[in-house]
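Here's the structure we're looking at; comments come further down.
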Amino acid sequence: MKIVSYVLFIVLGALLLSTPVLADYCNMVESGSSFTGSKGVLTSSVGSRFVGDSPVETGYNMQVNEAIGTANAFFRANLNEGRSGIQTSSLSYNQRISASGIIYGMNVQFRYNSAIS
């Protein structure tokens with residue numbers, strides 16, 4: 001009887017160790033900007049808050065003034081949720097803003113907050 005219980009314990013332990021575990025959520029957010037031209041000033045700033053597990057937030061600001069050239073800004077998000085190791089929903093978002101030529105003013109702000117609203 002002891003041998004059977006040891007074998008059963010080893011088999012159950014092997015099954016638990018080899019079972020993949022998926023997180024209940026996995027969110028990826030990216031933002032950035034670029035400027036190419038002969039004249040102009042690009043300023044950008046980024047801020048993030050990661051305290052504990054949730055909620056997290058990030059923000060990105062980009063500003064171009066009195067410029068000649070091409071300015072680009074982007075924001076990408078891939079948000080996944082799941083329960084008990086099974087993916088239940090997925091959302092992808094992609095935004096790109098651009099201006100070219102004589103740019104008198106361009107101001108872009110992106111915000112992400114993972115809190116339930």
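Residue numbering restarts at 1 in every chain; chains get A, B, ... in the order shown in the structure tokens, and ligands count up from 1 in that same order.
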
message: Need the shell around range 37-44 of chain A: protein/DNA/RNA residues with any atom at most 12 Å away, counting only C-alpha atoms. Skip same-chain ones fewer than 4 positions apart. Format as a VMD selection string?
response: chain A and resid 31 to 33 59 to 73 99 to 110

query: Of the candidates A:Met28, A:Val46, A:Val56, A:Ala115, which one gets nearest to Leu91 in chain A if we count only C-alpha atoms?
result: A:Met28

field: Residue nearest Val29 in chain A among A:Ser45, A:Ser90, A:Ser114, A:Asn78 (counting only C-alpha atoms)
entry: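 Going through A:Ser45, A:Ser90, A:Ser114, A:Asn78 one by one, the smallest distance to Val29 in chain A is for A:Asn78.
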
- request: Rank nothing, just name the residue among A:Ser84, A:Ser89, A:Ser98, A:Thr58 nearest to Glu30 in chain A, using only C-alpha atoms.
  value: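 Nearest candidate to Glu30 in chain A out of A:Ser84, A:Ser89, A:Ser98, A:Thr58: A:Thr58.
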
field: Which residue of A:Asn94, A:Asn80, A:Ile116, A:Ser48 approaches Asn27 in chain A most closely, using only C-alpha atoms
entry: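 Answer, going by the shortest atom-to-atom distance: A:Asn80.
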
message: Rounded to one decimal, what separation in Å do you get between CA of Arg111 in chain A and CA of Glu81 in chain A?
response: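 Separation of CA of Arg111 in chain A and CA of Glu81 in chain A: 19.7 Å.
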